[in-house]
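Written out below as structure tokens is the structure these notes cover.
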Amino acid sequence: MKKKLKHLLEKVNVLEIIGDSLKWIEGISMNSKTVKKNMIFVANKGKRIDGHQFIMEAIQKGATAIICEKKPFLLHKSVTYILVPNSTDSLGVISSNFYDHPTKKIKLVGITGTNGKTSVATILHHLFYKMGEKSILISTMGIKILLEEFYTIYPHTTPNIIEINKYLNLSIQKKCKYAFMEVSSHGIHQKRISGLLFTGGVFTNITHDHLDYHKSFENYLSTKRDFFEKFLHKNSFALINSDDKNSHKIIRNVLSKTYFYGVKKKADYNIEILEKNIHGNNLMINGQTFFTRLIGEFNVYNLLASYATAMLLGKKEHEILKIIKTIQPIKGRFEQFVSHSERRIIVDYAHNPDGLKNVLNTIKKMKKQYEKLICVIGCGGNRDRKKRSLMGKRVYETCDISIFTSDNPREEDPNQILKDMKKFRSYLKKSAIITVINRKKAIQTAIQISKKKDIILIAGKGHENYQEIKGKRYPFDDMQIVKTLLK
């Protein structure tokens with residue numbers, strides 16, 4: 001694919017162009033290491049790194065056009081320099097222009113919230129596939145067009161805007177009509193969704209998370225609100241969880257048509273929980289009952305959000321309900337394995353206080369009195385430190401046995417992370433916390449001390465198949481480790 005530079009600059013706020021604007025461009029990059037011949041390099045001012053420092057390297061690698069906010073000291077005759085007020089804003093428009101404006105040709109739905117984003121996006125992708133509709137999924141678990149999975153360069157919940165447009169364009173070539181995408185607060189704040197046109201947006205909930213980045217809950221809430229206020233137009237829809245106590249703050253200045261879904265409050269879309277157990281939920285929507293293997297109240301919300309979104313996209317209720325009851329549990333989200341010795345292992349992605357609370361409460365309500373609950377838990381390094389003690393206390397006070405271990409320590413010392421997790425006071429007098437830094441040994445310890453019918457929750461990493469330590473990723477899959485150890 002190649003485009004004339006002049007066409008790529010349409011609707012870009014350009015201050016000055018130095019050089020030829022009629023040259024052919026064959027790609028876009030914001031990372032000098034991935035630049036190839038005849039590419040545009042966008043010098044983006046990041047939080048830690050300023051892309052302007054890498055303009056020379058990008059030119060040496062073959063960049064023939066540079067988007068920048070300040071004029072470089074040394075100008076190359078063969079290179080075109082485009083000065084703009086904001087490189088990040090320009091990147092969104094340029095990416096959309098290069099990939100033929102894919103969001104004008106596909107119905108894009110963004111799902112945002114602290115918890116439930118992956119589940120709702122994944123359920124929707126599977127639901128529409130089963131209804132015979134072609135769609136693309138962009139989520140924490142990767143990018144999937146129909147049933148084909150794609151590797152992304154940047155492992156974020158919301159990929160960078162170049163990759164989003166690239167894969168949306170590819171999905172359109174494969175005749176996709178719908179796109180379901182997780183929209184993280186980082187992605188919103190860092191303008192990784194700049195230039196995209198959304199058909200709809202879904203708000204699942206908001207609780208304590210990412211405060212290391214946003215600095216306060218109010219800032220975090222404001223960023224989520226930005227998605228609905230700035231990226232949804234009057235012809236799009238906003239679907240809001242009415243049971244979340246902050247839902248009214250999210251829709252304060254929304255231009256789009258707003259709809260609500262909920263379990264407790266009366267809403268446009270309601271669901272009734274008839275019965276719930278360790279095998280699933282018996283539910284009722286509009287007088288129609290069905291059973292789902294998705295476990296826990298939090299999954300009822302995810303299922304309802306998916307049902308309501310499908311309805312808003314014009315699908316028929318009977319068709320949705322026929323397929324939605326067949327949805328299987330999502331990898332790493334309350335994923336269960338029962339061993340021959342009748343130990344029940346649950347692997348879940350819960351990595352913030354509210355997600356952990358939901359999972360633990362679900363298990364606590366369903367387990368029998370004689371069954372012990374053992375939890376293996378860690379907290380990620382270089383992330384919100386305030387939530388560590390909250391999570392540690394939650395596990396200690398809810399579980400019969402608590403095993404604190406390493407998660408993804410990243411650049412931090414895992415010993416310090418474990419100390420942070422233990423910085424809480426509790427009125428309960430319980431057995432001491434078991435500390436095993438090595439995650440595999442921690443899982444092994446949980447299995448060894450468990451007995452028949454006991455429940456072991458392994459929380460924090462869910463679907464992840466790696467452990468990140470000192471900048472490197474080592475193969476590590478919680479569920480695979482469990483199955484190997486139980487052989």
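Ordered as shown in the structure tokens, chains take letters A, B, and onward, while each chain numbers its residues from 1 and ligands are numbered from 1 in the order shown.
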
Nearby residues (only C-alpha atoms) at most 8 Å from Gly116 (chain A), same-chain spacing under 3 positions excluded, as a PyMOL selection string: chain A and resi 113+119-120+204-205+298-299+302

Spatial neighbours of region 306-308 of chain A, 7 Å, only C-alpha atoms, chain gap at least 4 places, as a VMD selection string: chain A and resid 120 123 to 124 269 302 312 320

Let's have the selection written as a PDB file, in the first residue's frame, with N, CA and C atoms.
```pdb
ATOM      1  N   VAL A 120     -16.784  -8.584  27.562  1.00  0.00           N
ATOM      2  CA  VAL A 120     -17.852  -8.053  26.706  1.00  0.00           C
ATOM      3  C   VAL A 120     -17.425  -8.050  25.244  1.00  0.00           C
ATOM      4  N   ILE A 123     -17.274 -11.725  24.025  1.00  0.00           N
ATOM      5  CA  ILE A 123     -18.622 -12.294  23.883  1.00  0.00           C
ATOM      6  C   ILE A 123     -19.284 -11.757  22.608  1.00  0.00           C
ATOM      7  N   LEU A 124     -19.161 -10.451  22.384  1.00  0.00           N
ATOM      8  CA  LEU A 124     -19.760  -9.838  21.200  1.00  0.00           C
ATOM      9  C   LEU A 124     -19.171 -10.405  19.914  1.00  0.00           C
ATOM     10  N   TYR A 269     -32.470  -2.139  29.488  1.00  0.00           N
ATOM     11  CA  TYR A 269     -32.204  -3.571  29.342  1.00  0.00           C
ATOM     12  C   TYR A 269     -31.942  -4.166  30.726  1.00  0.00           C
ATOM     13  N   ASN A 302     -21.722  -8.739  32.151  1.00  0.00           N
ATOM     14  CA  ASN A 302     -21.022  -8.822  30.867  1.00  0.00           C
ATOM     15  C   ASN A 302     -21.939  -9.376  29.779  1.00  0.00           C
ATOM     16  N   LEU A 312     -28.905  -3.039  20.084  1.00  0.00           N
ATOM     17  CA  LEU A 312     -28.713  -1.684  19.573  1.00  0.00           C
ATOM     18  C   LEU A 312     -28.106  -1.679  18.174  1.00  0.00           C
ATOM     19  N   ILE A 320     -30.393 -13.537  19.248  1.00  0.00           N
ATOM     20  CA  ILE A 320     -29.335 -13.278  20.241  1.00  0.00           C
ATOM     21  C   ILE A 320     -29.416 -14.304  21.372  1.00  0.00           C
TER      22      ILE A 320
END
```

Nearest to His76 (chain A), chosen from A:Arg425, A:Gly19, A:Leu91, A:Val109, with only C-alpha atoms counted in the distances: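 The closest residue to His76 (chain A) is A:Gly19.
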
Residues flagged strand (DSSP E) by DSSP in region 99-217 of chain A, as a ChimeraX atom specification: /A:107-112,135-139,142-145,148-150,178-182,200-203

Determine which residues of region 369-468 of chain A DSSP labels as helix (DSSP H, G or I) from the backbone of this structure, then write them out as a PDB file with C-alpha atoms, in the first residue's frame.
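Generated output (part33.pdb):
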```pdb
ATOM      1  CA  LYS A 386      -1.823   1.751  46.633  1.00  0.00           C
ATOM      2  CA  LYS A 387      -3.963  -1.169  45.499  1.00  0.00           C
ATOM      3  CA  ARG A 388      -1.462  -3.807  46.725  1.00  0.00           C
ATOM      4  CA  SER A 389      -2.405  -3.691  50.417  1.00  0.00           C
ATOM      5  CA  LEU A 390      -6.116  -3.500  49.492  1.00  0.00           C
ATOM      6  CA  MET A 391      -5.777  -6.707  47.496  1.00  0.00           C
ATOM      7  CA  GLY A 392      -3.637  -8.364  50.159  1.00  0.00           C
ATOM      8  CA  LYS A 393      -6.200  -7.582  52.859  1.00  0.00           C
ATOM      9  CA  ARG A 394      -9.099  -8.770  50.700  1.00  0.00           C
ATOM     10  CA  VAL A 395      -7.460 -12.172  50.161  1.00  0.00           C
ATOM     11  CA  TYR A 396      -6.346 -12.536  53.781  1.00  0.00           C
ATOM     12  CA  GLU A 397      -9.822 -11.796  55.178  1.00  0.00           C
ATOM     13  CA  THR A 398     -11.781 -13.872  52.634  1.00  0.00           C
ATOM     14  CA  PRO A 414       9.271  -8.832  44.008  1.00  0.00           C
ATOM     15  CA  ASN A 415      10.196  -8.824  47.712  1.00  0.00           C
ATOM     16  CA  GLN A 416       9.156  -5.165  47.951  1.00  0.00           C
ATOM     17  CA  ILE A 417       5.886  -5.860  46.143  1.00  0.00           C
ATOM     18  CA  LEU A 418       5.081  -8.615  48.659  1.00  0.00           C
ATOM     19  CA  LYS A 419       5.907  -6.277  51.555  1.00  0.00           C
ATOM     20  CA  ASP A 420       3.480  -3.704  50.088  1.00  0.00           C
ATOM     21  CA  MET A 421       0.771  -6.374  49.849  1.00  0.00           C
ATOM     22  CA  ARG A 439       5.063 -18.414  41.209  1.00  0.00           C
ATOM     23  CA  LYS A 440       5.316 -22.024  40.044  1.00  0.00           C
ATOM     24  CA  LYS A 441       6.356 -23.143  43.543  1.00  0.00           C
ATOM     25  CA  ALA A 442       3.515 -21.082  45.032  1.00  0.00           C
ATOM     26  CA  ILE A 443       0.996 -22.917  42.821  1.00  0.00           C
ATOM     27  CA  GLN A 444       2.650 -26.226  43.740  1.00  0.00           C
ATOM     28  CA  THR A 445       2.379 -25.333  47.446  1.00  0.00           C
ATOM     29  CA  ALA A 446      -1.338 -24.590  47.058  1.00  0.00           C
ATOM     30  CA  ILE A 447      -1.906 -27.988  45.431  1.00  0.00           C
ATOM     31  CA  GLN A 448       0.141 -29.829  48.079  1.00  0.00           C
ATOM     32  CA  ILE A 449      -1.698 -28.346  51.062  1.00  0.00           C
TER      33      ILE A 449
END
```

Non-local contacts of Thr292 (chain A) (7 Å; only C-alpha atoms; under 5 positions in same chain excluded) as a PDB file with C-alpha atoms, in the first residue's frame:
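Writing the result to selection.pdb gives the following:
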```
ATOM      1  CA  GLY A 280     -23.271 -21.241  35.843  1.00  0.00           C
ATOM      2  CA  ASN A 281     -26.319 -18.974  36.034  1.00  0.00           C
ATOM      3  CA  ASN A 282     -30.025 -19.429  35.324  1.00  0.00           C
ATOM      4  CA  LYS A 325     -26.660 -19.194  26.067  1.00  0.00           C
ATOM      5  CA  THR A 326     -24.010 -21.246  24.208  1.00  0.00           C
TER       6      THR A 326
END
```

Counting only C-alpha atoms, the residue of A:Lys4, A:Arg48, A:Lys105, A:His126 that sits nearest Ala65 (chain A): A:Lys4

Residue among A:Ile106, A:Cys68, A:Val263, A:Leu321 lying closest to Thr289 (chain A), counting only C-alpha atoms: A:Leu321

Atom-to-atom span, CA of Ser184 (chain A) and CA of Lys357 (chain A), Å: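 Spanning CA of Ser184 (chain A) to CA of Lys357 (chain A) is a straight-line distance of 20.8 Å.
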
Proximity to Asp454 (chain A) - best of A:Leu373, A:Asp407, A:Leu9, A:Pro475, only C-alpha atoms: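 The closest residue to Asp454 (chain A) is A:Leu373.
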
Within 9 Å of region 362-365 of chain A: each region 248-326 of chain A residue with its shortest pair, only C-alpha atoms, as a Markdown table:
```
| residue | atom | partner | partner_atom | distance |
| --- | --- | --- | --- | --- |
| A:Asn277 | CA | A:Lys365 | CA | 8.3 |
| A:Ile278 | CA | A:Ile363 | CA | 7.6 |
| A:Ile295 | CA | A:Thr362 | CA | 8.0 |
| A:Gly296 | CA | A:Thr362 | CA | 5.4 |
| A:Glu297 | CA | A:Thr362 | CA | 7.3 |
| A:Phe298 | CA | A:Thr362 | CA | 8.7 |
```

Take the selection from the previous step and output its residues with N, CA and C atoms, as a compact mmCIF listing (two decimals), in the first residue's frame.
```
# COMPACT_ATOMS: atom_id res chain seq x y z
N ASN A 277 -24.84 -20.95 40.60
CA ASN A 277 -24.00 -21.92 41.30
C ASN A 277 -22.64 -22.01 40.62
N ILE A 278 -21.83 -22.94 41.04
CA ILE A 278 -20.46 -23.06 40.55
C ILE A 278 -20.40 -23.51 39.08
N ILE A 295 -19.98 -17.87 34.95
CA ILE A 295 -20.21 -17.93 36.40
C ILE A 295 -20.07 -16.56 37.06
N GLY A 296 -20.90 -16.30 38.07
CA GLY A 296 -20.77 -15.09 38.86
C GLY A 296 -21.64 -13.94 38.37
N GLU A 297 -21.99 -13.06 39.31
CA GLU A 297 -22.83 -11.91 38.98
C GLU A 297 -22.14 -10.97 38.00
N PHE A 298 -20.81 -10.81 38.13
CA PHE A 298 -20.08 -9.92 37.23
C PHE A 298 -20.20 -10.38 35.78
```

Residue nearest His318 (chain A) among A:Arg333, A:Tyr220, A:Asn44, A:Met131 (counting only C-alpha atoms):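 Looking only at the distances to His318 (chain A), the closest residue turns out to be A:Met131.
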
Tyr151 (chain A) environment, 12 Å, only C-alpha atoms, sequence neighbours closer than 3 positions dropped, as an mmCIF file with N, CA and C atoms, in the first residue's frame:
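Output (result-v2.cif):
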```cif
data_model
loop_
_atom_site.group_PDB
_atom_site.id
_atom_site.type_symbol
_atom_site.label_atom_id
_atom_site.label_comp_id
_atom_site.auth_asym_id
_atom_site.auth_seq_id
_atom_site.Cartn_x
_atom_site.Cartn_y
_atom_site.Cartn_z
ATOM 1 N N ILE A 138 -10.575 -6.483 18.926
ATOM 2 C CA ILE A 138 -9.316 -5.840 19.330
ATOM 3 C C ILE A 138 -9.346 -5.762 20.850
ATOM 4 N N SER A 139 -8.524 -6.596 21.510
ATOM 5 C CA SER A 139 -8.611 -6.685 22.972
ATOM 6 C C SER A 139 -7.271 -6.986 23.612
ATOM 7 N N THR A 140 -7.293 -7.060 24.953
ATOM 8 C CA THR A 140 -6.109 -7.426 25.737
ATOM 9 C C THR A 140 -5.519 -8.747 25.254
ATOM 10 N N MET A 141 -6.389 -9.636 24.787
ATOM 11 C CA MET A 141 -5.959 -10.963 24.382
ATOM 12 C C MET A 141 -5.443 -11.003 22.944
ATOM 13 N N GLY A 142 -5.430 -9.842 22.271
ATOM 14 C CA GLY A 142 -4.895 -9.765 20.916
ATOM 15 C C GLY A 142 -5.937 -9.305 19.917
ATOM 16 N N ILE A 143 -5.596 -9.435 18.648
ATOM 17 C CA ILE A 143 -6.494 -9.049 17.566
ATOM 18 C C ILE A 143 -6.946 -10.301 16.837
ATOM 19 N N LYS A 144 -8.254 -10.398 16.624
ATOM 20 C CA LYS A 144 -8.807 -11.568 15.941
ATOM 21 C C LYS A 144 -9.781 -11.105 14.862
ATOM 22 N N ILE A 145 -9.502 -11.487 13.626
ATOM 23 C CA ILE A 145 -10.411 -11.210 12.517
ATOM 24 C C ILE A 145 -11.080 -12.528 12.161
ATOM 25 N N GLU A 148 -9.158 -15.831 12.888
ATOM 26 C CA GLU A 148 -7.707 -15.726 12.697
ATOM 27 C C GLU A 148 -7.102 -14.715 13.662
ATOM 28 N N TYR A 154 2.850 -3.830 19.770
ATOM 29 C CA TYR A 154 2.756 -3.222 21.101
ATOM 30 C C TYR A 154 1.668 -3.917 21.912
ATOM 31 N N PRO A 155 2.029 -4.628 22.990
ATOM 32 C CA PRO A 155 1.050 -5.420 23.744
ATOM 33 C C PRO A 155 0.217 -4.592 24.721
ATOM 34 N N HIS A 156 -0.542 -3.619 24.198
ATOM 35 C CA HIS A 156 -1.413 -2.810 25.053
ATOM 36 C C HIS A 156 -2.848 -3.312 24.935
ATOM 37 N N PRO A 159 -4.261 -1.023 21.214
ATOM 38 C CA PRO A 159 -3.026 -0.865 20.423
ATOM 39 C C PRO A 159 -2.842 0.575 19.962
ATOM 40 N N GLU A 163 -1.760 0.630 14.186
ATOM 41 C CA GLU A 163 -2.162 -0.779 14.144
ATOM 42 C C GLU A 163 -3.675 -0.937 14.104
ATOM 43 N N TYR A 167 -5.398 -2.961 11.006
ATOM 44 C CA TYR A 167 -6.177 -4.199 11.136
ATOM 45 C C TYR A 167 -7.656 -3.989 10.832
#
```

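Candidate residues A:Leu127, A:Ile40, A:Leu485, A:Ile136 were compared for distance to Ile327 (chain A), and the nearest is A:Leu127, using only C-alpha atoms.
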
Distance query Glu182 (chain A) at most 8 Å, only C-alpha atoms, self and fewer than 6 positions along chain excluded, as an MDAnalysis selection string: chainID A and resid 110:112 117:118 121 138:140 157:158

Write out the residues from the selection above, keeping N, CA and C atoms, as a JSON list (two decimals), in the first residue's frame.
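Written output follows (result_11.json):
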```json
[["chain", "number", "residue", "atom", "x", "y", "z"],
["A", 110, "GLY", "N", -16.76, 0.61, 21.00],
["A", 110, "GLY", "CA", -15.70, 0.65, 22.00],
["A", 110, "GLY", "C", -16.25, 0.28, 23.37],
["A", 111, "ILE", "N", -15.54, -0.61, 24.07],
["A", 111, "ILE", "CA", -15.97, -1.02, 25.41],
["A", 111, "ILE", "C", -14.95, -0.53, 26.42],
["A", 112, "THR", "N", -15.39, 0.26, 27.38],
["A", 112, "THR", "CA", -14.47, 0.80, 28.38],
["A", 112, "THR", "C", -15.02, 0.57, 29.79],
["A", 117, "LYS", "N", -14.16, -5.37, 30.26],
["A", 117, "LYS", "CA", -13.92, -4.96, 28.87],
["A", 117, "LYS", "C", -13.65, -6.16, 27.96],
["A", 118, "THR", "N", -12.69, -7.00, 28.38],
["A", 118, "THR", "CA", -12.31, -8.16, 27.56],
["A", 118, "THR", "C", -13.47, -9.11, 27.38],
["A", 121, "ALA", "N", -16.20, -7.56, 24.98],
["A", 121, "ALA", "CA", -15.72, -7.53, 23.59],
["A", 121, "ALA", "C", -15.64, -8.93, 22.99],
["A", 138, "ILE", "N", -10.57, -6.48, 18.93],
["A", 138, "ILE", "CA", -9.32, -5.84, 19.33],
["A", 138, "ILE", "C", -9.35, -5.76, 20.85],
["A", 139, "SER", "N", -8.52, -6.60, 21.51],
["A", 139, "SER", "CA", -8.61, -6.69, 22.97],
["A", 139, "SER", "C", -7.27, -6.99, 23.61],
["A", 140, "THR", "N", -7.29, -7.06, 24.95],
["A", 140, "THR", "CA", -6.11, -7.43, 25.74],
["A", 140, "THR", "C", -5.52, -8.75, 25.25],
["A", 157, "THR", "N", -3.67, -2.97, 25.95],
["A", 157, "THR", "CA", -5.11, -3.26, 25.85],
["A", 157, "THR", "C", -5.67, -2.60, 24.59],
["A", 158, "THR", "N", -5.34, -1.31, 24.41],
["A", 158, "THR", "CA", -5.70, -0.60, 23.19],
["A", 158, "THR", "C", -4.42, -0.39, 22.39]]
```

Straight-line distance linking CA of Leu83 (chain A) with CA of Ile25 (chain A), stated in Å to one decimal: 17.2 Å

Atom pair CA of Val300 (chain A) / CA of Glu317 (chain A): separation (Å): 16.9 Å

Selection: 8 Å around Tyr259 (chain A), only C-alpha atoms, excl. self and same-chain fewer than 3 positions, as a list of chain:residue names: A:Phe237, A:Ala238, A:Leu239, A:Ile240, A:Ala267, A:Asp268

Exercise: Glu69 (chain A) partners within 8 Å, only C-alpha atoms, chain neighbours under 5 positions left out, as a ChimeraX atom specification: /A:43,83-87
